[in-house]
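K.L.:
Please find data-v5.cif (mmCIF, N, CA and C atoms) on the next line:
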```cif
data_query
#
loop_
_atom_site.label_atom_id
_atom_site.label_comp_id
_atom_site.auth_asym_id
_atom_site.auth_seq_id
_atom_site.Cartn_x
_atom_site.Cartn_y
_atom_site.Cartn_z
N MET A 1 -22.69 15.33 -22.69
CA MET A 1 -22.08 14.08 -23.04
C MET A 1 -21.12 13.72 -21.92
N GLY A 2 -21.09 12.47 -21.53
CA GLY A 2 -20.19 12.04 -20.47
C GLY A 2 -18.75 12.22 -20.88
N LEU A 3 -17.84 12.17 -19.92
CA LEU A 3 -16.43 12.37 -20.20
C LEU A 3 -15.90 11.35 -21.19
N ALA A 4 -16.28 10.08 -21.01
CA ALA A 4 -15.81 9.04 -21.94
C ALA A 4 -16.37 9.27 -23.33
N SER A 5 -17.64 9.66 -23.43
CA SER A 5 -18.26 9.92 -24.72
C SER A 5 -17.60 11.10 -25.41
N ALA A 6 -17.35 12.16 -24.65
CA ALA A 6 -16.72 13.34 -25.22
C ALA A 6 -15.32 13.03 -25.73
N ALA A 7 -14.57 12.26 -24.96
CA ALA A 7 -13.21 11.90 -25.38
C ALA A 7 -13.25 11.05 -26.63
N MET A 8 -14.20 10.09 -26.69
CA MET A 8 -14.31 9.23 -27.85
C MET A 8 -14.72 10.03 -29.09
N ALA A 9 -15.65 10.96 -28.93
CA ALA A 9 -16.10 11.78 -30.04
C ALA A 9 -14.96 12.66 -30.55
N LEU A 10 -14.21 13.27 -29.63
CA LEU A 10 -13.08 14.11 -30.01
C LEU A 10 -12.03 13.30 -30.76
N THR A 11 -11.73 12.10 -30.27
CA THR A 11 -10.76 11.24 -30.93
C THR A 11 -11.23 10.88 -32.33
N ALA A 12 -12.51 10.52 -32.46
CA ALA A 12 -13.04 10.12 -33.76
C ALA A 12 -13.04 11.30 -34.74
N LEU A 13 -13.45 12.47 -34.29
CA LEU A 13 -13.46 13.62 -35.18
C LEU A 13 -12.05 14.05 -35.56
N THR A 14 -11.10 13.91 -34.63
CA THR A 14 -9.71 14.20 -34.95
C THR A 14 -9.21 13.23 -36.02
N ALA A 15 -9.60 11.96 -35.90
CA ALA A 15 -9.20 10.97 -36.90
C ALA A 15 -9.80 11.30 -38.25
N LEU A 16 -11.05 11.76 -38.26
CA LEU A 16 -11.69 12.14 -39.52
C LEU A 16 -10.95 13.31 -40.17
N ALA A 17 -10.60 14.29 -39.37
CA ALA A 17 -9.89 15.45 -39.90
C ALA A 17 -8.54 15.04 -40.46
N GLY A 18 -7.87 14.13 -39.80
CA GLY A 18 -6.57 13.67 -40.26
C GLY A 18 -6.65 12.76 -41.45
N SER A 19 -7.85 12.21 -41.76
CA SER A 19 -7.99 11.28 -42.86
C SER A 19 -8.12 11.98 -44.20
N GLY A 20 -8.24 13.30 -44.17
CA GLY A 20 -8.41 14.04 -45.41
C GLY A 20 -9.86 14.39 -45.68
N ALA A 21 -10.80 13.87 -44.85
CA ALA A 21 -12.21 14.15 -45.07
C ALA A 21 -12.48 15.65 -45.00
N ALA A 22 -11.80 16.33 -44.11
CA ALA A 22 -12.02 17.77 -43.96
C ALA A 22 -11.28 18.55 -45.04
N ASP A 23 -10.28 17.95 -45.70
CA ASP A 23 -9.46 18.63 -46.68
C ASP A 23 -9.74 18.14 -48.09
N ALA A 24 -10.95 17.67 -48.37
CA ALA A 24 -11.24 17.06 -49.66
C ALA A 24 -11.21 18.07 -50.80
N ALA A 25 -11.56 19.31 -50.55
CA ALA A 25 -11.55 20.32 -51.60
C ALA A 25 -10.16 20.92 -51.71
N PRO A 26 -9.71 21.21 -52.93
CA PRO A 26 -8.40 21.84 -53.10
C PRO A 26 -8.38 23.19 -52.40
N SER A 27 -7.23 23.58 -51.93
CA SER A 27 -7.07 24.84 -51.22
C SER A 27 -7.43 26.00 -52.13
N GLY A 28 -8.22 26.95 -51.58
CA GLY A 28 -8.57 28.14 -52.33
C GLY A 28 -9.80 28.00 -53.20
N THR A 29 -10.45 26.85 -53.23
CA THR A 29 -11.66 26.67 -54.02
C THR A 29 -12.81 26.28 -53.11
N GLU A 30 -14.02 26.46 -53.61
CA GLU A 30 -15.18 26.05 -52.83
C GLU A 30 -15.37 24.55 -52.97
N SER A 31 -15.85 23.95 -51.90
CA SER A 31 -16.12 22.52 -51.90
C SER A 31 -17.32 22.24 -52.79
N LEU A 32 -17.32 21.08 -53.43
CA LEU A 32 -18.42 20.67 -54.29
C LEU A 32 -19.50 19.95 -53.51
N TYR A 33 -19.31 19.74 -52.23
CA TYR A 33 -20.28 19.03 -51.41
C TYR A 33 -20.30 19.64 -50.02
N ALA A 34 -21.42 19.47 -49.36
CA ALA A 34 -21.51 19.87 -47.96
C ALA A 34 -21.03 18.70 -47.13
N PRO A 35 -20.13 18.90 -46.19
CA PRO A 35 -19.59 17.79 -45.41
C PRO A 35 -20.66 17.10 -44.57
N SER A 36 -20.53 15.79 -44.48
CA SER A 36 -21.41 14.97 -43.64
C SER A 36 -20.54 13.95 -42.94
N ALA A 37 -20.24 14.19 -41.67
CA ALA A 37 -19.41 13.29 -40.87
C ALA A 37 -20.00 13.22 -39.46
N LEU A 38 -20.31 12.00 -39.03
CA LEU A 38 -20.96 11.80 -37.74
C LEU A 38 -20.20 10.80 -36.88
N VAL A 39 -20.32 10.97 -35.59
CA VAL A 39 -19.89 9.96 -34.62
C VAL A 39 -21.17 9.34 -34.09
N LEU A 40 -21.34 8.04 -34.30
CA LEU A 40 -22.52 7.31 -33.85
C LEU A 40 -22.15 6.51 -32.61
N GLY A 41 -23.03 6.51 -31.63
CA GLY A 41 -22.74 5.79 -30.39
C GLY A 41 -23.92 4.99 -29.90
N ILE A 42 -23.62 3.96 -29.13
CA ILE A 42 -24.62 3.15 -28.44
C ILE A 42 -24.21 3.15 -26.98
N THR A 43 -25.13 3.59 -26.10
CA THR A 43 -24.86 3.73 -24.67
C THR A 43 -25.85 2.90 -23.88
N ALA A 44 -25.36 2.21 -22.86
CA ALA A 44 -26.24 1.48 -21.94
C ALA A 44 -26.94 2.49 -21.05
N GLY A 45 -28.25 2.38 -20.94
CA GLY A 45 -29.02 3.29 -20.10
C GLY A 45 -29.87 4.23 -20.91
N ASP A 46 -30.69 5.00 -20.23
CA ASP A 46 -31.60 5.91 -20.91
C ASP A 46 -31.08 7.35 -20.96
N ASP A 47 -29.83 7.54 -20.63
CA ASP A 47 -29.23 8.86 -20.65
C ASP A 47 -27.80 8.75 -21.21
N ALA A 48 -27.61 9.24 -22.41
CA ALA A 48 -26.30 9.12 -23.06
C ALA A 48 -25.21 9.88 -22.31
N ARG A 49 -25.57 10.90 -21.58
CA ARG A 49 -24.58 11.69 -20.84
C ARG A 49 -23.99 10.92 -19.66
N ASN A 50 -24.81 10.11 -19.00
CA ASN A 50 -24.35 9.42 -17.80
C ASN A 50 -24.24 7.92 -17.96
N GLY A 51 -24.61 7.38 -19.11
CA GLY A 51 -24.54 5.94 -19.33
C GLY A 51 -23.15 5.48 -19.70
N THR A 52 -23.03 4.18 -19.90
CA THR A 52 -21.77 3.58 -20.30
C THR A 52 -21.76 3.39 -21.80
N VAL A 53 -20.78 3.98 -22.49
CA VAL A 53 -20.67 3.84 -23.93
C VAL A 53 -20.28 2.39 -24.24
N LEU A 54 -21.13 1.72 -25.03
CA LEU A 54 -20.86 0.34 -25.41
C LEU A 54 -20.06 0.25 -26.70
N ARG A 55 -20.44 1.08 -27.68
CA ARG A 55 -19.76 1.09 -28.97
C ARG A 55 -19.89 2.48 -29.59
N ALA A 56 -18.93 2.80 -30.44
CA ALA A 56 -18.99 4.05 -31.20
C ALA A 56 -18.25 3.86 -32.51
N VAL A 57 -18.77 4.48 -33.56
CA VAL A 57 -18.14 4.41 -34.88
C VAL A 57 -18.22 5.78 -35.54
N THR A 58 -17.47 5.96 -36.60
CA THR A 58 -17.56 7.18 -37.40
C THR A 58 -18.27 6.84 -38.70
N LEU A 59 -18.98 7.82 -39.23
CA LEU A 59 -19.67 7.66 -40.50
C LEU A 59 -19.48 8.94 -41.30
N VAL A 60 -18.87 8.82 -42.46
CA VAL A 60 -18.68 9.95 -43.37
C VAL A 60 -19.51 9.64 -44.61
N CYS A 61 -20.40 10.55 -44.99
CA CYS A 61 -21.26 10.32 -46.15
C CYS A 61 -20.89 11.17 -47.36
N ALA A 62 -20.11 12.22 -47.18
CA ALA A 62 -19.73 13.06 -48.30
C ALA A 62 -18.25 13.37 -48.18
N PRO A 63 -17.46 13.21 -49.18
CA PRO A 63 -17.86 13.06 -50.58
C PRO A 63 -18.27 11.63 -50.96
N ARG A 64 -17.84 10.64 -50.19
CA ARG A 64 -18.26 9.26 -50.46
C ARG A 64 -18.34 8.54 -49.12
N PRO A 65 -19.17 7.51 -49.03
CA PRO A 65 -19.32 6.79 -47.76
C PRO A 65 -18.01 6.17 -47.29
N SER A 66 -17.70 6.41 -46.01
CA SER A 66 -16.51 5.82 -45.40
C SER A 66 -16.65 5.93 -43.89
N GLY A 67 -15.61 5.59 -43.18
CA GLY A 67 -15.60 5.65 -41.73
C GLY A 67 -15.42 4.26 -41.14
N THR A 68 -15.58 4.16 -39.84
CA THR A 68 -15.40 2.87 -39.17
C THR A 68 -16.71 2.08 -39.06
N HIS A 69 -17.81 2.66 -39.52
CA HIS A 69 -19.09 1.95 -39.55
C HIS A 69 -18.94 0.72 -40.45
N PRO A 70 -19.50 -0.45 -40.04
CA PRO A 70 -19.33 -1.66 -40.85
C PRO A 70 -20.02 -1.60 -42.22
N ASP A 71 -21.02 -0.76 -42.41
CA ASP A 71 -21.70 -0.61 -43.70
C ASP A 71 -21.95 0.88 -43.98
N PRO A 72 -20.89 1.62 -44.26
CA PRO A 72 -21.08 3.07 -44.44
C PRO A 72 -22.00 3.41 -45.61
N ALA A 73 -21.92 2.66 -46.70
CA ALA A 73 -22.78 2.95 -47.86
C ALA A 73 -24.25 2.74 -47.50
N GLY A 74 -24.56 1.65 -46.82
CA GLY A 74 -25.94 1.37 -46.42
C GLY A 74 -26.47 2.39 -45.44
N ALA A 75 -25.65 2.75 -44.45
CA ALA A 75 -26.08 3.73 -43.44
C ALA A 75 -26.29 5.11 -44.07
N CYS A 76 -25.39 5.52 -44.97
CA CYS A 76 -25.53 6.81 -45.63
C CYS A 76 -26.76 6.83 -46.53
N THR A 77 -26.99 5.75 -47.26
CA THR A 77 -28.17 5.66 -48.13
C THR A 77 -29.45 5.76 -47.30
N GLU A 78 -29.46 5.07 -46.17
CA GLU A 78 -30.62 5.11 -45.29
C GLU A 78 -30.85 6.51 -44.73
N LEU A 79 -29.80 7.17 -44.31
CA LEU A 79 -29.92 8.52 -43.75
C LEU A 79 -30.32 9.53 -44.84
N LEU A 80 -29.78 9.38 -46.02
CA LEU A 80 -30.16 10.26 -47.14
C LEU A 80 -31.63 10.07 -47.50
N ALA A 81 -32.09 8.81 -47.54
CA ALA A 81 -33.49 8.52 -47.86
C ALA A 81 -34.43 9.12 -46.82
N ALA A 82 -33.96 9.24 -45.59
CA ALA A 82 -34.76 9.82 -44.51
C ALA A 82 -34.56 11.33 -44.42
N ALA A 83 -33.89 11.91 -45.40
CA ALA A 83 -33.60 13.35 -45.44
C ALA A 83 -32.90 13.81 -44.16
N GLY A 84 -32.03 12.93 -43.62
CA GLY A 84 -31.26 13.27 -42.43
C GLY A 84 -32.05 13.15 -41.13
N GLN A 85 -33.29 12.76 -41.20
CA GLN A 85 -34.15 12.63 -40.02
C GLN A 85 -34.01 11.23 -39.44
N ALA A 86 -33.12 11.06 -38.47
CA ALA A 86 -32.88 9.75 -37.88
C ALA A 86 -34.12 9.19 -37.20
N ASP A 87 -35.03 10.06 -36.75
CA ASP A 87 -36.29 9.59 -36.15
C ASP A 87 -37.07 8.72 -37.12
N THR A 88 -37.01 9.04 -38.39
CA THR A 88 -37.70 8.25 -39.40
C THR A 88 -37.19 6.82 -39.38
N ILE A 89 -35.92 6.65 -39.08
CA ILE A 89 -35.30 5.33 -39.05
C ILE A 89 -35.57 4.64 -37.72
N THR A 90 -35.33 5.31 -36.61
CA THR A 90 -35.43 4.66 -35.30
C THR A 90 -36.85 4.48 -34.80
N ARG A 91 -37.77 5.28 -35.25
CA ARG A 91 -39.15 5.17 -34.77
C ARG A 91 -40.02 4.38 -35.73
N GLY A 92 -39.39 3.68 -36.65
CA GLY A 92 -40.13 2.88 -37.62
C GLY A 92 -40.72 1.61 -37.04
N GLY A 93 -40.36 1.24 -35.83
CA GLY A 93 -40.91 0.04 -35.22
C GLY A 93 -39.96 -1.12 -35.33
N SER A 94 -40.18 -2.11 -34.50
CA SER A 94 -39.33 -3.29 -34.45
C SER A 94 -39.67 -4.25 -35.58
N ALA A 95 -38.66 -4.88 -36.14
CA ALA A 95 -38.86 -5.83 -37.23
C ALA A 95 -39.31 -7.20 -36.73
N GLY A 96 -39.30 -7.42 -35.45
CA GLY A 96 -39.70 -8.72 -34.92
C GLY A 96 -40.12 -8.60 -33.47
N PRO A 97 -40.56 -9.72 -32.89
CA PRO A 97 -41.00 -9.69 -31.50
C PRO A 97 -39.82 -9.54 -30.53
N CYS A 98 -40.06 -8.77 -29.48
CA CYS A 98 -39.05 -8.57 -28.43
C CYS A 98 -39.74 -8.71 -27.07
N THR A 99 -38.96 -9.02 -26.07
CA THR A 99 -39.50 -9.06 -24.71
C THR A 99 -39.84 -7.65 -24.26
N ARG A 100 -40.59 -7.54 -23.21
CA ARG A 100 -40.99 -6.22 -22.71
C ARG A 100 -40.09 -5.75 -21.58
N GLU A 101 -38.92 -6.33 -21.44
CA GLU A 101 -38.03 -5.92 -20.35
C GLU A 101 -37.53 -4.49 -20.57
N TRP A 102 -37.31 -3.78 -19.47
CA TRP A 102 -36.76 -2.43 -19.52
C TRP A 102 -35.28 -2.52 -19.19
N ASP A 103 -34.46 -2.53 -20.22
CA ASP A 103 -33.01 -2.54 -20.11
C ASP A 103 -32.52 -1.57 -21.19
N PRO A 104 -32.74 -0.28 -21.00
CA PRO A 104 -32.60 0.69 -22.08
C PRO A 104 -31.20 0.83 -22.66
N VAL A 105 -31.19 1.13 -23.95
CA VAL A 105 -29.98 1.50 -24.67
C VAL A 105 -30.31 2.76 -25.46
N THR A 106 -29.36 3.66 -25.51
CA THR A 106 -29.55 4.93 -26.18
C THR A 106 -28.57 5.05 -27.34
N VAL A 107 -29.09 5.44 -28.50
CA VAL A 107 -28.25 5.66 -29.67
C VAL A 107 -28.09 7.17 -29.86
N THR A 108 -26.92 7.57 -30.31
CA THR A 108 -26.64 8.99 -30.53
C THR A 108 -25.93 9.18 -31.86
N ALA A 109 -26.11 10.35 -32.43
CA ALA A 109 -25.38 10.76 -33.63
C ALA A 109 -25.02 12.22 -33.44
N ASP A 110 -23.74 12.53 -33.52
CA ASP A 110 -23.27 13.90 -33.35
C ASP A 110 -22.23 14.21 -34.41
N GLY A 111 -22.28 15.42 -34.93
CA GLY A 111 -21.29 15.85 -35.91
C GLY A 111 -21.86 16.87 -36.87
N VAL A 112 -21.64 16.65 -38.16
CA VAL A 112 -22.08 17.56 -39.21
C VAL A 112 -22.85 16.75 -40.24
N TRP A 113 -24.04 17.22 -40.60
CA TRP A 113 -24.83 16.58 -41.66
C TRP A 113 -25.15 17.63 -42.70
N GLN A 114 -24.68 17.41 -43.92
CA GLN A 114 -24.85 18.32 -45.05
C GLN A 114 -24.50 19.77 -44.67
N GLY A 115 -23.37 19.89 -43.97
CA GLY A 115 -22.81 21.20 -43.64
C GLY A 115 -23.37 21.85 -42.39
N LYS A 116 -24.32 21.21 -41.71
CA LYS A 116 -24.92 21.81 -40.51
C LYS A 116 -24.69 20.91 -39.30
N HIS A 117 -24.57 21.56 -38.12
CA HIS A 117 -24.40 20.82 -36.87
C HIS A 117 -25.55 19.83 -36.73
N TYR A 118 -25.23 18.62 -36.26
CA TYR A 118 -26.24 17.56 -36.15
C TYR A 118 -26.08 16.87 -34.80
N SER A 119 -27.18 16.71 -34.09
CA SER A 119 -27.16 16.01 -32.81
C SER A 119 -28.48 15.26 -32.68
N TYR A 120 -28.40 13.96 -32.41
CA TYR A 120 -29.59 13.13 -32.32
C TYR A 120 -29.42 12.12 -31.18
N GLN A 121 -30.52 11.82 -30.51
CA GLN A 121 -30.51 10.82 -29.44
C GLN A 121 -31.87 10.13 -29.40
N HIS A 122 -31.86 8.81 -29.24
CA HIS A 122 -33.09 8.04 -29.10
C HIS A 122 -32.83 6.87 -28.16
N THR A 123 -33.78 6.60 -27.27
CA THR A 123 -33.64 5.50 -26.32
C THR A 123 -34.61 4.38 -26.69
N PHE A 124 -34.07 3.17 -26.79
CA PHE A 124 -34.86 1.96 -27.02
C PHE A 124 -35.06 1.25 -25.69
N ALA A 125 -36.14 0.50 -25.55
CA ALA A 125 -36.44 -0.20 -24.30
C ALA A 125 -35.39 -1.26 -23.98
N ASN A 126 -34.82 -1.89 -25.00
CA ASN A 126 -33.80 -2.93 -24.80
C ASN A 126 -33.04 -3.15 -26.10
N ARG A 127 -32.04 -4.01 -26.09
CA ARG A 127 -31.20 -4.23 -27.27
C ARG A 127 -31.97 -4.87 -28.42
N CYS A 128 -32.92 -5.74 -28.08
CA CYS A 128 -33.73 -6.37 -29.12
C CYS A 128 -34.51 -5.30 -29.89
N ALA A 129 -35.14 -4.39 -29.18
CA ALA A 129 -35.88 -3.31 -29.83
C ALA A 129 -34.95 -2.44 -30.67
N MET A 130 -33.72 -2.23 -30.20
CA MET A 130 -32.76 -1.44 -30.97
C MET A 130 -32.38 -2.16 -32.27
N ARG A 131 -32.08 -3.45 -32.17
CA ARG A 131 -31.70 -4.20 -33.38
C ARG A 131 -32.84 -4.22 -34.40
N GLY A 132 -34.06 -4.33 -33.92
CA GLY A 132 -35.19 -4.40 -34.84
C GLY A 132 -35.66 -3.07 -35.37
N GLY A 133 -35.30 -1.97 -34.71
CA GLY A 133 -35.84 -0.69 -35.09
C GLY A 133 -34.83 0.38 -35.41
N SER A 134 -33.57 0.02 -35.64
CA SER A 134 -32.58 1.07 -35.90
C SER A 134 -32.01 1.03 -37.31
N GLY A 135 -32.53 0.14 -38.14
CA GLY A 135 -32.03 0.05 -39.51
C GLY A 135 -30.54 -0.25 -39.54
N SER A 136 -29.89 0.11 -40.63
CA SER A 136 -28.44 -0.14 -40.71
C SER A 136 -27.64 1.00 -40.08
N LEU A 137 -28.28 2.14 -39.83
CA LEU A 137 -27.57 3.27 -39.26
C LEU A 137 -26.91 2.94 -37.94
N PHE A 138 -27.61 2.27 -37.05
CA PHE A 138 -27.06 1.92 -35.74
C PHE A 138 -26.77 0.42 -35.62
N ALA A 139 -26.55 -0.25 -36.72
CA ALA A 139 -26.22 -1.67 -36.71
C ALA A 139 -24.70 -1.84 -36.71
N PHE A 140 -24.12 -1.68 -35.55
CA PHE A 140 -22.67 -1.87 -35.40
C PHE A 140 -22.36 -2.39 -34.04
#
```
Go ahead and render the structure in this file as structure tokens.
P.N.:
Amino acid sequence: MGLASAAMALTALTALAGSGAADAAPSGTESLYAPSALVLGITAGDDARNGTVLRAVTLVCAPRPSGTHPDPAGACTELLAAAGQADTITRGGSAGPCTREWDPVTVTADGVWQGKHYSYQHTFANRCAMRGGSGSLFAF
């Protein structure tokens, strides 16, 4: 991950920890849910490590949808329906016609999904293809 991406991810995860998301279970008891907290990013270029981060948001799905994502409930529902497989969402195809220009954008998701480390990356040919094929998960 590029330096800017790493700094943004660290800041977002620190904010999540400070929001109480990490401390949702009372001290000394087992949690009733597996944590699901992700940092989602959109990067210009076909390489998230060396590209320019355009936008990034946080998405918390457990215990309840929250974060800086504009539609956390919709994004969590979509990811749950896909059993956490973001490929099911991003490789579903474009909802409309797009030009064939190569101006790649890469979407990423990093964090914890249902208690396990999660890392995902997919490159779209251009922003139109991303808008038509990323569902609500990467609609920010």
K.L.:
Nearest to A:Thr90: which of A:Ala34, A:Leu137, A:Ala73, A:Val39 is it, counting only C-alpha atoms?
P.N.:
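Looking only at the distances to A:Thr90, the closest residue turns out to be A:Leu137.
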K.L.:
Starting from the PyMOL selection byres ((chain A and resi 126-136) around 7), expand the selection into actual residues of this file and give them as a PDB file with N, CA and C atoms, in the coordinates of the input.
P.N.:
```
ATOM      1  N   ASP A  71     -21.020  -0.760 -42.410  1.00  0.00           N
ATOM      2  CA  ASP A  71     -21.700  -0.610 -43.700  1.00  0.00           C
ATOM      3  C   ASP A  71     -21.950   0.880 -43.980  1.00  0.00           C
ATOM      4  N   GLY A  74     -24.560   1.650 -46.820  1.00  0.00           N
ATOM      5  CA  GLY A  74     -25.940   1.370 -46.420  1.00  0.00           C
ATOM      6  C   GLY A  74     -26.470   2.390 -45.440  1.00  0.00           C
ATOM      7  N   ALA A  75     -25.650   2.750 -44.450  1.00  0.00           N
ATOM      8  CA  ALA A  75     -26.080   3.730 -43.440  1.00  0.00           C
ATOM      9  C   ALA A  75     -26.290   5.110 -44.070  1.00  0.00           C
ATOM     10  N   GLU A  78     -29.460   5.070 -46.170  1.00  0.00           N
ATOM     11  CA  GLU A  78     -30.620   5.110 -45.290  1.00  0.00           C
ATOM     12  C   GLU A  78     -30.850   6.510 -44.730  1.00  0.00           C
ATOM     13  N   ILE A  89     -35.920   6.650 -39.080  1.00  0.00           N
ATOM     14  CA  ILE A  89     -35.300   5.330 -39.050  1.00  0.00           C
ATOM     15  C   ILE A  89     -35.570   4.640 -37.720  1.00  0.00           C
ATOM     16  N   THR A  90     -35.330   5.310 -36.610  1.00  0.00           N
ATOM     17  CA  THR A  90     -35.430   4.660 -35.300  1.00  0.00           C
ATOM     18  C   THR A  90     -36.850   4.480 -34.800  1.00  0.00           C
ATOM     19  N   ARG A  91     -37.770   5.280 -35.250  1.00  0.00           N
ATOM     20  CA  ARG A  91     -39.150   5.170 -34.770  1.00  0.00           C
ATOM     21  C   ARG A  91     -40.020   4.380 -35.730  1.00  0.00           C
ATOM     22  N   GLY A  92     -39.390   3.680 -36.650  1.00  0.00           N
ATOM     23  CA  GLY A  92     -40.130   2.880 -37.620  1.00  0.00           C
ATOM     24  C   GLY A  92     -40.720   1.610 -37.040  1.00  0.00           C
ATOM     25  N   GLY A  93     -40.360   1.240 -35.830  1.00  0.00           N
ATOM     26  CA  GLY A  93     -40.910   0.040 -35.220  1.00  0.00           C
ATOM     27  C   GLY A  93     -39.960  -1.120 -35.330  1.00  0.00           C
ATOM     28  N   SER A  94     -40.180  -2.110 -34.500  1.00  0.00           N
ATOM     29  CA  SER A  94     -39.330  -3.290 -34.450  1.00  0.00           C
ATOM     30  C   SER A  94     -39.670  -4.250 -35.580  1.00  0.00           C
ATOM     31  N   ALA A  95     -38.660  -4.880 -36.140  1.00  0.00           N
ATOM     32  CA  ALA A  95     -38.860  -5.830 -37.230  1.00  0.00           C
ATOM     33  C   ALA A  95     -39.310  -7.200 -36.730  1.00  0.00           C
ATOM     34  N   GLY A  96     -39.300  -7.420 -35.450  1.00  0.00           N
ATOM     35  CA  GLY A  96     -39.700  -8.720 -34.920  1.00  0.00           C
ATOM     36  C   GLY A  96     -40.120  -8.600 -33.470  1.00  0.00           C
ATOM     37  N   PRO A  97     -40.560  -9.720 -32.890  1.00  0.00           N
ATOM     38  CA  PRO A  97     -41.000  -9.690 -31.500  1.00  0.00           C
ATOM     39  C   PRO A  97     -39.820  -9.540 -30.530  1.00  0.00           C
ATOM     40  N   CYS A  98     -40.060  -8.770 -29.480  1.00  0.00           N
ATOM     41  CA  CYS A  98     -39.050  -8.570 -28.430  1.00  0.00           C
ATOM     42  C   CYS A  98     -39.740  -8.710 -27.070  1.00  0.00           C
ATOM     43  N   THR A  99     -38.960  -9.020 -26.070  1.00  0.00           N
ATOM     44  CA  THR A  99     -39.500  -9.060 -24.710  1.00  0.00           C
ATOM     45  C   THR A  99     -39.840  -7.650 -24.260  1.00  0.00           C
ATOM     46  N   GLU A 101     -38.920  -6.330 -21.440  1.00  0.00           N
ATOM     47  CA  GLU A 101     -38.030  -5.920 -20.350  1.00  0.00           C
ATOM     48  C   GLU A 101     -37.530  -4.490 -20.570  1.00  0.00           C
ATOM     49  N   TRP A 102     -37.310  -3.780 -19.470  1.00  0.00           N
ATOM     50  CA  TRP A 102     -36.760  -2.430 -19.520  1.00  0.00           C
ATOM     51  C   TRP A 102     -35.280  -2.520 -19.190  1.00  0.00           C
ATOM     52  N   ASP A 103     -34.460  -2.530 -20.220  1.00  0.00           N
ATOM     53  CA  ASP A 103     -33.010  -2.540 -20.110  1.00  0.00           C
ATOM     54  C   ASP A 103     -32.520  -1.570 -21.190  1.00  0.00           C
ATOM     55  N   PRO A 104     -32.740  -0.280 -21.000  1.00  0.00           N
ATOM     56  CA  PRO A 104     -32.600   0.690 -22.080  1.00  0.00           C
ATOM     57  C   PRO A 104     -31.200   0.830 -22.660  1.00  0.00           C
ATOM     58  N   VAL A 105     -31.190   1.130 -23.950  1.00  0.00           N
ATOM     59  CA  VAL A 105     -29.980   1.500 -24.670  1.00  0.00           C
ATOM     60  C   VAL A 105     -30.310   2.760 -25.460  1.00  0.00           C
ATOM     61  N   THR A 123     -33.780   6.600 -27.270  1.00  0.00           N
ATOM     62  CA  THR A 123     -33.640   5.500 -26.320  1.00  0.00           C
ATOM     63  C   THR A 123     -34.610   4.380 -26.690  1.00  0.00           C
ATOM     64  N   PHE A 124     -34.070   3.170 -26.790  1.00  0.00           N
ATOM     65  CA  PHE A 124     -34.860   1.960 -27.020  1.00  0.00           C
ATOM     66  C   PHE A 124     -35.060   1.250 -25.690  1.00  0.00           C
ATOM     67  N   ALA A 125     -36.140   0.500 -25.550  1.00  0.00           N
ATOM     68  CA  ALA A 125     -36.440  -0.200 -24.300  1.00  0.00           C
ATOM     69  C   ALA A 125     -35.390  -1.260 -23.980  1.00  0.00           C
ATOM     70  N   LEU A 137     -28.280   2.140 -39.830  1.00  0.00           N
ATOM     71  CA  LEU A 137     -27.570   3.270 -39.260  1.00  0.00           C
ATOM     72  C   LEU A 137     -26.910   2.940 -37.940  1.00  0.00           C
ATOM     73  N   PHE A 138     -27.610   2.270 -37.050  1.00  0.00           N
ATOM     74  CA  PHE A 138     -27.060   1.920 -35.740  1.00  0.00           C
ATOM     75  C   PHE A 138     -26.770   0.420 -35.620  1.00  0.00           C
ATOM     76  N   ALA A 139     -26.550  -0.250 -36.720  1.00  0.00           N
ATOM     77  CA  ALA A 139     -26.220  -1.670 -36.710  1.00  0.00           C
ATOM     78  C   ALA A 139     -24.700  -1.840 -36.710  1.00  0.00           C
ATOM     79  N   PHE A 140     -24.120  -1.680 -35.550  1.00  0.00           N
ATOM     80  CA  PHE A 140     -22.670  -1.870 -35.400  1.00  0.00           C
ATOM     81  C   PHE A 140     -22.360  -2.390 -34.040  1.00  0.00           C
TER      82      PHE A 140
END
```
K.L.:
Taking 6 positions as the minimum chain separation for residues in the same chain, which residues sit within 9 Å of stretch 115-118 of chain A when counting only C-alpha atoms? Answer as a ChimeraX atom specification.
P.N.:
/A:33-36,38,109
K.L.:
Can you tell me how far atom C of A:Leu80 sits from atom N of A:Ser119, in Å to one decimal?
P.N.:
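Atom N of A:Ser119 lies 15.6 Å from atom C of A:Leu80.
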K.L.:
Identify all residues of stretch 15-140 of chain A in helix (DSSP H, G or I) (DSSP on the backbone) and supply them as an MDAnalysis selection string.
P.N.:
chainID A and resid 15:18 72:81 86:90 127:133
K.L.:
Considering all atoms listed in the file, return as a PyMOL selection string whatever protein or nucleic-acid residues lie within 6 Å of stretch 46-60 of chain A, sequence-local ones (same chain, fewer than 3 positions apart) excluded.
P.N.:
chain A and resi 1-2+36-43+64-69+104-106+123
